[in-house]
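S.K.: Compact mmCIF, C-alpha atoms, saved as query_19.txt, coming up:
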# COMPACT_ATOMS: atom_id res chain seq x y z
CA MET A 275 -39.22 6.08 10.91
CA LYS A 276 -37.69 9.54 10.96
CA ASP A 277 -33.88 9.61 10.94
CA GLN A 278 -33.80 6.01 11.87
CA GLY A 279 -30.43 4.28 12.17
CA HIS A 280 -30.34 0.51 12.33
CA TYR A 281 -27.49 -1.76 13.10
CA ILE A 282 -28.63 -5.20 12.06
CA ALA A 283 -26.29 -7.93 13.16
CA SER A 284 -28.52 -10.84 12.19
CA PRO A 285 -31.91 -10.06 10.74
CA ALA A 286 -34.02 -13.16 11.14
CA ALA A 287 -36.49 -12.55 8.34
CA PRO A 288 -36.42 -10.82 5.00
CA GLY A 289 -36.36 -7.10 5.64
CA ASP A 290 -39.14 -5.07 4.08
CA TYR A 291 -38.95 -1.35 4.68
CA VAL A 292 -41.15 1.53 3.60
CA VAL A 293 -39.52 4.96 3.79
CA GLY A 294 -41.84 7.96 3.47
CA ALA A 295 -41.44 11.62 2.56
CA GLY A 296 -38.33 13.19 4.06
CA GLU A 297 -37.45 10.05 6.05
CA LYS A 298 -34.08 8.38 6.15
CA LEU A 299 -33.26 4.72 6.65
CA ASP A 300 -29.76 3.58 7.46
CA LEU A 301 -28.89 -0.13 7.52
CA PHE A 302 -25.56 -1.76 8.19
CA TYR A 303 -24.70 -5.45 7.89
CA PHE A 304 -21.65 -7.28 9.13
CA VAL A 305 -21.22 -10.89 8.13
CA HIS A 306 -18.59 -12.45 10.39
CA PRO A 307 -16.22 -15.26 9.40
CA GLY A 308 -17.88 -18.64 9.81
CA GLU A 309 -21.40 -17.32 9.29
CA ASP A 310 -23.73 -18.52 6.56
CA ARG A 311 -26.06 -15.67 5.73
CA ASP A 312 -28.98 -15.02 3.46
CA ILE A 313 -29.67 -11.30 3.57
CA ARG A 314 -32.73 -10.12 1.71
CA VAL A 315 -33.70 -6.53 2.01
CA ARG A 316 -36.39 -4.64 0.11
CA VAL A 317 -36.79 -0.92 0.47
CA HIS A 318 -39.65 1.14 -0.93
CA LEU A 319 -38.99 4.87 -1.13
CA THR A 320 -42.56 6.09 -1.22
CA GLY A 321 -42.48 9.83 -0.45
CA PRO A 322 -40.55 12.75 -1.94
CA GLY A 323 -37.06 13.16 -0.50
CA ALA A 324 -36.93 9.72 1.15
CA SER A 325 -33.48 8.23 1.39
CA VAL A 326 -31.80 4.95 2.25
CA SER A 327 -28.22 3.99 2.92
CA LEU A 328 -27.35 0.29 2.84
CA ALA A 329 -23.85 -0.76 3.75
CA GLY A 330 -22.23 -4.04 4.52
CA VAL A 331 -19.02 -5.93 5.10
CA TYR A 332 -18.54 -9.64 4.72
CA LEU A 333 -15.46 -11.53 5.77
CA SER A 334 -15.86 -15.13 4.72
CA GLY A 335 -12.77 -17.27 5.00
CA GLY A 336 -14.00 -20.84 5.41
CA SER A 337 -16.74 -22.66 3.54
CA GLU A 338 -19.46 -20.09 4.21
CA LYS A 339 -22.34 -19.40 1.90
CA VAL A 340 -23.29 -15.76 1.87
CA SER A 341 -26.03 -14.27 -0.23
CA ILE A 342 -26.89 -10.59 -0.25
CA HIS A 343 -29.95 -9.59 -2.17
CA THR A 344 -31.08 -5.99 -2.18
CA GLU A 345 -34.02 -4.40 -3.96
CA ILE A 346 -34.60 -0.68 -3.91
CA TYR A 347 -37.79 0.79 -5.35
CA HIS A 348 -37.72 4.50 -6.10
CA GLU A 349 -41.43 5.31 -6.19
CA ALA A 350 -41.44 9.08 -5.57
CA GLN A 351 -39.54 12.12 -6.75
CA GLY A 352 -36.20 13.25 -5.38
CA CYS A 353 -35.36 10.09 -3.43
CA THR A 354 -31.83 8.88 -2.81
CA SER A 355 -30.43 5.39 -2.35
CA ASP A 356 -26.78 4.69 -1.65
CA GLN A 357 -25.40 1.16 -1.32
CA LEU A 358 -21.87 0.12 -0.48
CA PHE A 359 -20.93 -3.51 0.13
CA ASN A 360 -17.28 -4.57 0.36
CA GLY A 361 -16.21 -8.07 1.23
CA ILE A 362 -13.32 -10.49 1.32
CA ALA A 363 -13.66 -14.18 0.47
CA SER A 364 -11.09 -16.89 0.98
CA GLY A 365 -11.05 -20.62 1.72
CA SER A 366 -13.92 -22.09 -0.26
CA ALA A 367 -16.45 -19.44 0.65
CA ALA A 368 -19.20 -18.66 -1.86
CA VAL A 369 -20.52 -15.11 -1.89
CA SER A 370 -23.17 -13.68 -4.12
CA PHE A 371 -24.38 -10.13 -4.34
CA TYR A 372 -27.49 -9.24 -6.25
CA GLY A 373 -28.59 -5.64 -6.23
CA ARG A 374 -31.68 -4.44 -8.01
CA ILE A 375 -32.68 -0.83 -8.36
CA VAL A 376 -36.02 0.05 -9.89
CA VAL A 377 -36.85 3.67 -10.66
CA ALA A 378 -40.59 3.91 -11.29
CA PRO A 379 -42.13 6.13 -13.95
CA GLY A 380 -42.41 9.68 -12.59
CA ALA A 381 -39.73 9.19 -9.92
CA ASP A 382 -37.72 12.06 -11.35
CA ARG A 383 -34.61 13.53 -9.73
CA THR A 384 -33.80 10.11 -8.33
CA GLU A 385 -30.24 9.49 -7.19
CA ALA A 386 -29.29 5.82 -6.90
CA TYR A 387 -25.80 4.57 -6.26
CA GLN A 388 -24.56 1.05 -5.78
CA VAL A 389 -21.02 -0.20 -5.24
CA ASN A 390 -19.85 -3.74 -4.55
CA HIS A 391 -16.11 -4.42 -4.28
CA ASN A 392 -14.68 -7.85 -3.57
CA ILE A 393 -11.30 -9.31 -2.79
CA VAL A 394 -10.75 -13.00 -3.34
CA LEU A 395 -7.78 -14.51 -1.52
CA SER A 396 -7.95 -18.14 -2.66
CA ASP A 397 -8.56 -20.10 -5.83
CA LYS A 398 -11.53 -21.95 -4.39
CA ALA A 399 -13.45 -18.97 -3.07
CA LYS A 400 -16.19 -17.74 -5.39
CA VAL A 401 -17.76 -14.34 -5.72
CA ASP A 402 -20.65 -13.52 -7.97
CA THR A 403 -21.83 -9.94 -8.25
CA ARG A 404 -24.84 -8.86 -10.29
CA PRO A 405 -26.14 -5.33 -10.34
CA GLN A 406 -29.46 -4.75 -12.07
CA LEU A 407 -30.85 -1.34 -12.88
CA GLU A 408 -34.33 -0.72 -14.22
CA ILE A 409 -35.00 2.92 -14.94
CA TYR A 410 -38.41 4.12 -16.10
CA ALA A 411 -38.06 7.81 -15.21
CA ASP A 412 -36.22 10.81 -16.65
CA ASP A 413 -33.73 13.09 -14.96
CA VAL A 414 -32.13 10.31 -12.94
CA LYS A 415 -28.61 9.99 -11.56
CA CYS A 416 -27.67 6.34 -11.27
CA SER A 417 -24.36 4.58 -11.03
CA HIS A 418 -23.15 1.17 -10.10
CA GLY A 419 -19.73 -0.37 -9.84
CA ALA A 420 -18.71 -3.92 -9.10
CA THR A 421 -15.20 -5.34 -8.91
CA VAL A 422 -13.63 -8.65 -7.97
CA GLY A 423 -9.87 -8.54 -7.41
CA SER A 424 -6.98 -9.58 -5.24
CA LEU A 425 -4.62 -7.81 -2.84
CA ASN A 426 -2.06 -5.60 -4.58
CA ALA A 427 1.37 -7.29 -4.61
CA ASP A 428 3.31 -4.02 -5.11
CA GLU A 429 1.72 -2.52 -2.02
CA GLU A 430 2.62 -5.64 -0.07
CA PHE A 431 6.26 -5.55 -1.16
CA TYR A 432 6.53 -1.84 -0.41
CA MET A 433 5.29 -2.44 3.13
CA ARG A 434 7.53 -5.47 3.67
CA SER A 435 10.55 -3.48 2.46
CA ARG A 436 9.85 -1.12 5.38
CA GLY A 437 9.90 -4.02 7.82
CA ILE A 438 6.16 -4.64 8.03
CA PRO A 439 5.73 -8.44 8.24
CA GLN A 440 3.87 -10.01 5.32
CA LYS A 441 0.83 -10.93 7.37
CA GLU A 442 0.62 -7.46 8.88
CA ALA A 443 0.88 -5.93 5.39
CA LYS A 444 -2.12 -8.00 4.27
CA VAL A 445 -4.03 -7.01 7.41
CA LEU A 446 -3.42 -3.31 6.66
CA GLN A 447 -4.55 -3.77 3.06
CA MET A 448 -7.69 -5.65 4.07
CA ILE A 449 -8.61 -3.12 6.76
CA SER A 450 -8.18 -0.24 4.31
CA PHE A 451 -10.33 -2.12 1.79
CA VAL A 452 -13.33 -2.32 4.11
CA ALA A 453 -12.74 1.04 5.85
CA PRO A 454 -14.98 3.07 3.51
CA VAL A 455 -17.92 0.87 4.53
CA LEU A 456 -17.28 1.38 8.23
CA GLU A 457 -17.37 5.14 7.67
CA ARG A 458 -21.06 4.68 6.92
CA ILE A 459 -21.75 3.86 10.56
CA ALA A 460 -22.99 7.15 11.98
CA ASP A 461 -22.47 6.49 15.69
CA PRO A 462 -18.76 6.89 16.58
CA GLY A 463 -18.88 4.35 19.40
CA GLU A 464 -20.60 1.78 17.22
CA ARG A 465 -18.15 2.49 14.43
CA GLU A 466 -15.16 1.95 16.69
CA ARG A 467 -16.56 -1.30 18.11
CA THR A 468 -17.29 -2.59 14.63
CA ALA A 469 -13.82 -1.59 13.39
CA ALA A 470 -12.27 -3.59 16.24
CA GLU A 471 -14.44 -6.61 15.41
CA VAL A 472 -13.53 -6.30 11.73
CA GLU A 473 -9.81 -6.22 12.52
CA GLU A 474 -10.12 -9.29 14.73
CA ALA A 475 -12.07 -11.12 12.02
CA ILE A 476 -9.51 -10.17 9.35
CA ARG A 477 -6.65 -11.49 11.48
CA LYS A 478 -8.51 -14.80 11.82
CA MET A 479 -8.79 -15.09 8.04
CA LEU A 480 -5.01 -15.09 7.48
CA MET B 161 39.23 -6.49 8.69
CA ALA B 162 36.21 -8.40 7.40
CA ASN B 163 34.14 -6.59 9.98
CA ASP B 164 34.63 -3.33 8.10
CA ILE B 165 32.68 -4.69 5.19
CA LEU B 166 28.96 -4.00 5.39
CA LEU B 167 27.90 -5.40 2.01
CA LYS B 168 29.69 -7.94 -0.13
CA ILE B 169 28.17 -8.86 -3.47
CA ASP B 170 29.97 -11.71 -5.21
CA ASN B 171 29.38 -12.77 -8.82
CA LEU B 172 25.65 -12.00 -8.67
CA HIS B 173 23.54 -13.28 -11.55
CA ALA B 174 19.83 -12.56 -11.66
CA ARG B 175 17.01 -12.80 -14.11
CA ILE B 176 13.39 -11.93 -14.53
CA GLY B 177 11.46 -14.54 -16.46
CA ASP B 178 14.03 -16.06 -18.80
CA ARG B 179 15.92 -12.82 -19.36
CA GLU B 180 19.26 -12.61 -17.57
CA ILE B 181 19.86 -9.04 -16.41
CA LEU B 182 22.68 -9.21 -13.89
CA LYS B 183 25.60 -11.16 -15.35
CA GLY B 184 28.10 -11.41 -12.54
CA VAL B 185 28.10 -8.29 -10.36
CA SER B 186 30.69 -8.06 -7.60
CA LEU B 187 31.22 -5.16 -5.22
CA GLU B 188 32.16 -4.44 -1.64
CA ILE B 189 30.96 -1.59 0.52
CA LYS B 190 32.77 -0.71 3.72
CA ARG B 191 31.04 0.85 6.70
CA GLY B 192 30.78 4.58 6.28
CA GLU B 193 31.24 4.57 2.52
CA ILE B 194 28.95 6.11 -0.04
CA HIS B 195 28.96 4.32 -3.37
CA ALA B 196 27.40 5.47 -6.59
CA VAL B 197 26.24 2.97 -9.19
CA MET B 198 25.84 4.71 -12.52
CA GLY B 199 24.82 3.31 -15.84
CA PRO B 200 22.66 3.84 -18.87
CA ASN B 201 19.00 2.77 -19.00
CA GLY B 202 18.65 -0.98 -19.09
CA ALA B 203 22.06 -1.65 -17.52
CA GLY B 204 20.49 -3.55 -14.60
CA LYS B 205 20.60 -0.81 -11.95
CA SER B 206 17.01 -1.28 -10.78
CA THR B 207 17.35 -5.06 -10.94
CA LEU B 208 20.33 -4.79 -8.60
CA SER B 209 18.33 -2.79 -6.05
CA SER B 210 15.30 -5.08 -6.45
CA VAL B 211 17.42 -8.18 -5.82
CA LEU B 212 19.05 -6.60 -2.78
CA THR B 213 15.67 -5.76 -1.24
CA GLY B 214 14.13 -9.14 -2.13
CA LYS B 215 11.49 -8.16 -4.64
CA PRO B 216 9.59 -11.25 -5.80
CA ALA B 217 9.77 -11.92 -9.57
CA TYR B 218 13.57 -11.61 -9.63
CA GLU B 219 15.43 -14.88 -9.51
CA VAL B 220 19.04 -15.11 -8.41
CA THR B 221 20.71 -17.88 -10.41
CA GLU B 222 24.27 -17.56 -9.15
CA GLY B 223 26.40 -15.68 -6.65
CA SER B 224 26.01 -14.47 -3.09
CA VAL B 225 25.34 -11.35 -1.05
CA LEU B 226 26.56 -10.91 2.51
CA PHE B 227 25.05 -8.06 4.51
CA ASP B 228 26.66 -7.43 7.87
CA GLY B 229 28.02 -10.97 7.64
CA ARG B 230 24.59 -12.54 7.00
CA ASP B 231 23.26 -14.26 3.88
CA LEU B 232 21.03 -11.49 2.56
CA LEU B 233 19.45 -13.58 -0.19
CA ALA B 234 18.07 -16.08 2.35
CA MET B 235 16.18 -13.33 4.19
CA LYS B 236 12.61 -12.13 3.63
CA PRO B 237 12.17 -8.49 2.57
CA GLU B 238 11.00 -7.53 6.07
CA GLU B 239 13.97 -9.32 7.68
CA ARG B 240 16.31 -7.33 5.44
CA ALA B 241 14.67 -4.12 6.70
CA TRP B 242 15.08 -5.27 10.31
CA ALA B 243 18.76 -6.00 9.62
CA GLY B 244 19.25 -2.38 8.54
CA LEU B 245 18.63 -2.30 4.79
CA PHE B 246 16.48 0.40 3.24
CA MET B 247 15.63 1.25 -0.33
CA SER B 248 14.21 4.54 -1.53
CA PHE B 249 11.94 3.42 -4.36
CA GLN B 250 12.24 4.83 -7.84
CA TYR B 251 8.44 4.61 -8.05
CA PRO B 252 7.03 4.79 -4.51
CA VAL B 253 3.79 2.82 -4.19
CA GLU B 254 0.45 4.38 -3.27
CA ILE B 255 -1.37 2.64 -0.44
CA PRO B 256 -4.94 3.94 -0.33
CA GLY B 257 -6.61 3.85 3.06
CA VAL B 258 -3.38 3.56 5.08
CA SER B 259 -2.18 6.75 6.77
CA ILE B 260 1.51 7.66 6.95
CA THR B 261 1.26 7.59 10.74
CA ASN B 262 -0.24 4.11 10.87
CA PHE B 263 2.18 2.84 8.21
CA MET B 264 5.27 4.19 9.97
CA LYS B 265 4.13 3.13 13.42
CA THR B 266 3.66 -0.43 12.18
CA ALA B 267 7.04 -0.40 10.43
CA VAL B 268 9.04 1.19 13.26
CA ASN B 269 7.54 -1.06 15.91
CA ALA B 270 7.99 -4.22 13.80
CA LYS B 271 11.68 -3.36 13.52
CA ARG B 272 11.89 -2.71 17.26
CA GLU B 273 10.12 -5.98 18.03
CA ALA B 274 12.61 -7.86 15.84
CA ALA B 275 15.41 -6.25 17.88
CA GLY B 276 13.72 -7.31 21.15
CA LEU B 277 12.64 -3.75 22.01
CA GLU B 278 9.32 -2.52 23.35
CA PRO B 279 7.10 -0.61 20.92
CA LEU B 280 7.53 3.16 21.08
CA LYS B 281 5.02 4.94 23.30
CA GLY B 282 2.54 7.16 21.47
CA GLY B 283 4.22 10.40 22.54
CA GLU B 284 7.72 9.18 21.69
CA PHE B 285 6.58 8.06 18.27
CA LEU B 286 4.89 11.37 17.47
CA LYS B 287 7.97 13.29 18.58
CA LEU B 288 10.12 11.20 16.24
CA MET B 289 7.63 11.74 13.39
CA ARG B 290 7.65 15.51 13.89
CA GLU B 291 11.43 15.66 14.00
CA LYS B 292 11.88 13.66 10.78
CA MET B 293 9.03 15.43 8.99
CA GLU B 294 10.74 18.72 9.73
CA MET B 295 13.93 17.36 8.23
CA VAL B 296 12.26 16.79 4.85
CA ARG B 297 10.08 19.89 5.28
CA MET B 298 6.75 18.13 5.35
CA LYS B 299 3.81 20.02 6.91
CA SER B 300 2.03 18.51 9.90
CA GLU B 301 -1.03 17.38 7.89
CA PHE B 302 1.34 15.05 6.00
CA ALA B 303 1.10 12.56 8.90
CA LYS B 304 -2.60 12.01 8.25
CA ARG B 305 -2.37 11.57 4.50
CA GLU B 306 -2.66 8.18 2.85
CA VAL B 307 0.74 6.79 1.87
CA ASN B 308 1.79 8.45 -1.40
CA VAL B 309 -1.82 8.91 -2.55
CA GLY B 310 -2.10 12.10 -4.57
CA PHE B 311 1.52 13.06 -3.79
CA SER B 312 3.54 15.03 -6.34
CA GLY B 313 6.77 13.45 -7.61
CA GLY B 314 8.82 15.57 -5.22
CA GLU B 315 6.58 14.74 -2.25
CA LYS B 316 6.90 11.02 -2.96
CA LYS B 317 10.70 11.21 -2.93
CA ARG B 318 10.72 13.33 0.23
CA ASN B 319 8.41 10.75 1.79
CA GLU B 320 10.98 8.07 0.95
CA ILE B 321 13.72 10.08 2.67
CA PHE B 322 11.40 10.66 5.62
CA GLN B 323 10.84 6.90 5.93
CA MET B 324 14.58 6.34 5.68
CA ALA B 325 15.16 8.77 8.54
CA MET B 326 12.45 7.08 10.64
CA LEU B 327 13.92 3.60 10.12
CA ASP B 328 17.57 4.68 10.51
CA PRO B 329 19.12 2.02 8.24
CA SER B 330 22.79 1.03 8.17
CA LEU B 331 22.65 0.75 4.37
CA ALA B 332 20.40 2.99 2.30
CA ILE B 333 19.90 2.30 -1.37
CA LEU B 334 18.65 5.33 -3.28
CA ASP B 335 17.20 4.04 -6.52
CA GLU B 336 16.98 6.94 -8.98
CA THR B 337 15.85 9.15 -6.12
CA ASP B 338 17.00 12.20 -8.06
CA SER B 339 14.91 11.54 -11.16
CA GLY B 340 12.13 14.05 -11.68
CA LEU B 341 13.20 16.32 -8.81
CA ASP B 342 13.64 20.06 -9.06
CA VAL B 343 16.69 21.63 -7.43
CA ASP B 344 14.90 22.48 -4.17
CA ALA B 345 13.58 18.94 -3.68
CA LEU B 346 16.97 17.54 -4.69
CA LYS B 347 18.64 19.61 -1.95
CA ILE B 348 16.13 18.39 0.64
CA VAL B 349 16.85 14.79 -0.37
CA ALA B 350 20.62 15.39 -0.34
CA ASP B 351 20.50 17.12 3.06
CA GLY B 352 18.52 14.15 4.39
CA VAL B 353 21.08 11.66 3.10
CA ASN B 354 24.01 13.70 4.40
CA ALA B 355 22.36 14.16 7.81
CA MET B 356 22.01 10.40 8.16
CA HIS B 357 25.55 9.68 7.17
CA THR B 358 27.83 8.56 10.02
CA PRO B 359 31.06 6.55 10.03
CA GLU B 360 29.01 3.35 10.53
CA LYS B 361 26.41 3.95 7.86
CA SER B 362 26.67 3.41 4.15
CA ALA B 363 24.66 4.29 1.08
CA ILE B 364 24.36 3.21 -2.52
CA ILE B 365 23.22 5.91 -4.88
CA ILE B 366 21.84 4.47 -8.09
CA THR B 367 21.49 7.04 -10.81
CA HIS B 368 22.15 7.90 -14.39
CA TYR B 369 22.69 11.59 -13.75
CA GLN B 370 25.50 13.26 -11.87
CA LYS B 371 23.08 15.81 -10.32
CA LEU B 372 22.59 14.27 -6.87
CA LEU B 373 26.30 13.44 -6.69
CA GLU B 374 27.12 17.16 -6.58
CA TYR B 375 25.39 17.29 -3.19
CA VAL B 376 26.15 13.82 -1.84
CA VAL B 377 29.77 13.08 -2.62
CA PRO B 378 30.49 9.40 -3.25
CA ASP B 379 33.66 7.67 -2.05
CA VAL B 380 33.49 5.05 -4.80
CA VAL B 381 31.80 5.13 -8.20
CA HIS B 382 30.87 2.04 -10.22
CA VAL B 383 29.74 1.94 -13.81
CA LEU B 384 27.15 -0.77 -14.48
CA LYS B 385 26.65 -1.71 -18.09
CA ASP B 386 24.85 -4.68 -19.59
CA GLY B 387 24.62 -6.45 -16.22
CA ARG B 388 28.28 -6.10 -15.29
CA ILE B 389 30.40 -3.57 -13.43
CA VAL B 390 32.75 -2.32 -16.11
CA ALA B 391 34.60 0.35 -14.12
CA THR B 392 35.20 1.25 -10.47
CA GLY B 393 37.03 4.29 -9.24
CA ASP B 394 36.81 7.56 -7.38
CA ARG B 395 34.68 10.61 -8.02
CA SER B 396 36.55 11.49 -11.20
CA ILE B 397 34.52 8.81 -13.02
CA VAL B 398 31.47 11.04 -12.59
CA ASP B 399 33.21 13.76 -14.57
CA ILE B 400 34.18 11.35 -17.33
CA ILE B 401 30.53 10.26 -17.64
CA GLU B 402 29.43 13.88 -17.54
CA ASN B 403 31.73 14.79 -20.41
CA GLU B 404 31.81 11.66 -22.51
CA GLY B 405 28.72 9.60 -21.58
CA PHE B 406 28.70 5.87 -20.92
CA ASP B 407 30.11 4.87 -24.33
CA LYS B 408 33.61 5.34 -23.01
CA PHE B 409 33.21 2.29 -20.74
Could you render the structure from this file as structure tokens?
M.R.:
Amino acid sequence: MKDQGHYIASPAAPGDYVVGAGEKLDLFYFVHPGEDRDIRVRVHLTGPGASVSLAGVYLSGGSEKVSIHTEIYHEAQGCTSDQLFNGIASGSAAVSFYGRIVVAPGADRTEAYQVNHNIVLSDKAKVDTRPQLEIYADDVKCSHGATVGSLNADEEFYMRSRGIPQKEAKVLQMISFVAPVLERIADPGERERTAAEVEEAIRKML
Amino acid sequence: MANDILLKIDNLHARIGDREILKGVSLEIKRGEIHAVMGPNGAGKSTLSSVLTGKPAYEVTEGSVLFDGRDLLAMKPEERAWAGLFMSFQYPVEIPGVSITNFMKTAVNAKREAAGLEPLKGGEFLKLMREKMEMVRMKSEFAKREVNVGFSGGEKKRNEIFQMAMLDPSLAILDETDSGLDVDALKIVADGVNAMHTPEKSAIIITHYQKLLEYVVPDVVHVLKDGRIVATGDRSIVDIIENEGFDKF
């Protein structure tokens, strides 16, 4: 599993991954509008220097049910995990993000980062985000950040005052919101294809 | 000739929440004229520019505004831009993740589409960008930066003037564009405004200093105080304010 990059459009079963010494796992998820998804991914970092990057975008604008459940187990020294999930919910979509990070005793010099940002466009859409950190080692760098917000009205007015139509202003805001996640896709061709799909999906949501 | 009049504000009343801020503003701007609207803090200057550009949260309770013969208040903010209105913001907004190039391309082409024109070709657009960036002395990497993110005060104001030059409005409203600028930045802004000024184009300079008006000479000066225009005259009003403040009015 050395330097393995995965693009997982629809994993059928819960994903269980073991990442050994010096290995790198890279997973990217894209939940399209209209899709119900139950993503469960468990990653065990078992050897020194193992690392994992999990990234995902969800664009849920109807009555979708989306659940993202990640568990990262830091079981060796000097391992890194980096998670970034950004999503937009509207309509009556229900999205939940649960991210658990466990740093085992002795897994010193662990670096574990987790970010989950959400934009909610309608009153009926629901987003629930729950980070959970369990740290049993010393000398650990861990951070997590979760936000649920709406599109910035001042930005929208500024753009409209320059002649950018309201819908287009929202599209630009939504694209820029998910852009940091797309930057996680290593392959330029794949990144470009995904960016195009994301833009199309965003336009469908408005 | 009615056709000479670009903007006609008649008895404009506006409020935010239940606080009335504009209490019957009337003024007329002819094509080619530069007007200054001066007044102390809290006079309603920014409310006037916000109402003219269609900022939500401001409610017009009475009066009318005709822009180029059209009912300005019935138009959406973007339609006002397409019709030739531009405001340089007092506090330009940061838009993380959106590059200046992408922002301007979307804005310029939306305006062209509204006028029934084809979008600019990539090369034409970049040439226009370079030309206008040079005018406000922005370096080439400016095009790639995110809109106003991490800009200094002076860079933000120069970016406003750059956008004005890109969109080529018939009426530019400069809302406190001079505040917080050093002399060099002020000159760049003034040169930009003067370069844009033709016999068909007008500007409203909203300010409470006389600084910018040394470089951009207004044809007409209005004093706005407590939501009303209390004096209108020529440039000599600026000197009266300079020497005696707004208490005189």
S.K.: Contacts from chain A to chain B, 10 Å maximum, all atoms listed in the file: show me the residue list as a PDB file with C-alpha atoms, keeping the file's coordinate frame.
M.R.:
ATOM      1  CA  ASN A 426      -2.060  -5.600  -4.580  1.00  0.00           C
ATOM      2  CA  ALA A 427       1.370  -7.290  -4.610  1.00  0.00           C
ATOM      3  CA  ASP A 428       3.310  -4.020  -5.110  1.00  0.00           C
ATOM      4  CA  GLU A 429       1.720  -2.520  -2.020  1.00  0.00           C
ATOM      5  CA  GLU A 430       2.620  -5.640  -0.070  1.00  0.00           C
ATOM      6  CA  PHE A 431       6.260  -5.550  -1.160  1.00  0.00           C
ATOM      7  CA  TYR A 432       6.530  -1.840  -0.410  1.00  0.00           C
ATOM      8  CA  MET A 433       5.290  -2.440   3.130  1.00  0.00           C
ATOM      9  CA  ARG A 434       7.530  -5.470   3.670  1.00  0.00           C
ATOM     10  CA  SER A 435      10.550  -3.480   2.460  1.00  0.00           C
ATOM     11  CA  ARG A 436       9.850  -1.120   5.380  1.00  0.00           C
ATOM     12  CA  GLY A 437       9.900  -4.020   7.820  1.00  0.00           C
ATOM     13  CA  ILE A 438       6.160  -4.640   8.030  1.00  0.00           C
ATOM     14  CA  PRO A 439       5.730  -8.440   8.240  1.00  0.00           C
ATOM     15  CA  GLN A 440       3.870 -10.010   5.320  1.00  0.00           C
ATOM     16  CA  GLU A 442       0.620  -7.460   8.880  1.00  0.00           C
ATOM     17  CA  ALA A 443       0.880  -5.930   5.390  1.00  0.00           C
ATOM     18  CA  LEU A 446      -3.420  -3.310   6.660  1.00  0.00           C
ATOM     19  CA  GLN A 447      -4.550  -3.770   3.060  1.00  0.00           C
ATOM     20  CA  MET A 448      -7.690  -5.650   4.070  1.00  0.00           C
ATOM     21  CA  ILE A 449      -8.610  -3.120   6.760  1.00  0.00           C
ATOM     22  CA  SER A 450      -8.180  -0.240   4.310  1.00  0.00           C
ATOM     23  CA  PHE A 451     -10.330  -2.120   1.790  1.00  0.00           C
ATOM     24  CA  VAL A 452     -13.330  -2.320   4.110  1.00  0.00           C
ATOM     25  CA  ALA A 453     -12.740   1.040   5.850  1.00  0.00           C
ATOM     26  CA  PRO A 454     -14.980   3.070   3.510  1.00  0.00           C
TER      27      PRO A 454
END
S.K.: Would you work out the distance separating atom CA of B:Pro200 from atom CA of B:Met356, expressed in Å to one decimal?
M.R.: 27.8 Å
S.K.: Any idea what the distance is between atom CA of A:Ile362 and atom CA of A:His418?
M.R.: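 One can read the atom CA of A:Ile362 to atom CA of A:His418 distance as 19.1 Å.
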S.K.: Quote the spacing between atom CA of A:Asp382 and atom CA of A:Gly323 in Å to one decimal place.
M.R.: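 According to the coordinates, atom CA of A:Asp382 and atom CA of A:Gly323 are separated by 10.9 Å.
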S.K.: Hey, what's within 6 Å of stretch 420-422 of chain A if we count all atoms listed in the file and toss same-chain stuff fewer than 2 positions away? As a VMD selection string, please?
M.R.: chain A and resid 389 to 393
S.K.: Nearest residue to B:Pro378 out of B:Leu172, B:Met298, B:Ala391, B:Val398, using all atoms listed in the file?
M.R.: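 Of B:Leu172, B:Met298, B:Ala391, B:Val398, the one nearest B:Pro378, counting all atoms listed in the file, is B:Val398.
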S.K.: Could you name the residues that touch stretch 358-372 of chain B at 7 Å or less, counting all atoms listed in the file, but leaving out those on the same chain fewer than 3 positions away, as a PyMOL selection string?
M.R.: chain B and resi 191-200+205+330-336+338+346+350+375-376+398+402
S.K.: Those residues you just picked out, can you put them in a file as an mmCIF file, in the coordinates of the input with C-alpha atoms?
M.R.:
data_model
loop_
_atom_site.group_PDB
_atom_site.id
_atom_site.type_symbol
_atom_site.label_atom_id
_atom_site.label_comp_id
_atom_site.auth_asym_id
_atom_site.auth_seq_id
_atom_site.Cartn_x
_atom_site.Cartn_y
_atom_site.Cartn_z
ATOM 1 C CA ARG B 191 31.040 0.850 6.700
ATOM 2 C CA GLY B 192 30.780 4.580 6.280
ATOM 3 C CA GLU B 193 31.240 4.570 2.520
ATOM 4 C CA ILE B 194 28.950 6.110 -0.040
ATOM 5 C CA HIS B 195 28.960 4.320 -3.370
ATOM 6 C CA ALA B 196 27.400 5.470 -6.590
ATOM 7 C CA VAL B 197 26.240 2.970 -9.190
ATOM 8 C CA MET B 198 25.840 4.710 -12.520
ATOM 9 C CA GLY B 199 24.820 3.310 -15.840
ATOM 10 C CA PRO B 200 22.660 3.840 -18.870
ATOM 11 C CA LYS B 205 20.600 -0.810 -11.950
ATOM 12 C CA SER B 330 22.790 1.030 8.170
ATOM 13 C CA LEU B 331 22.650 0.750 4.370
ATOM 14 C CA ALA B 332 20.400 2.990 2.300
ATOM 15 C CA ILE B 333 19.900 2.300 -1.370
ATOM 16 C CA LEU B 334 18.650 5.330 -3.280
ATOM 17 C CA ASP B 335 17.200 4.040 -6.520
ATOM 18 C CA GLU B 336 16.980 6.940 -8.980
ATOM 19 C CA ASP B 338 17.000 12.200 -8.060
ATOM 20 C CA LEU B 346 16.970 17.540 -4.690
ATOM 21 C CA ALA B 350 20.620 15.390 -0.340
ATOM 22 C CA TYR B 375 25.390 17.290 -3.190
ATOM 23 C CA VAL B 376 26.150 13.820 -1.840
ATOM 24 C CA VAL B 398 31.470 11.040 -12.590
ATOM 25 C CA GLU B 402 29.430 13.880 -17.540
#
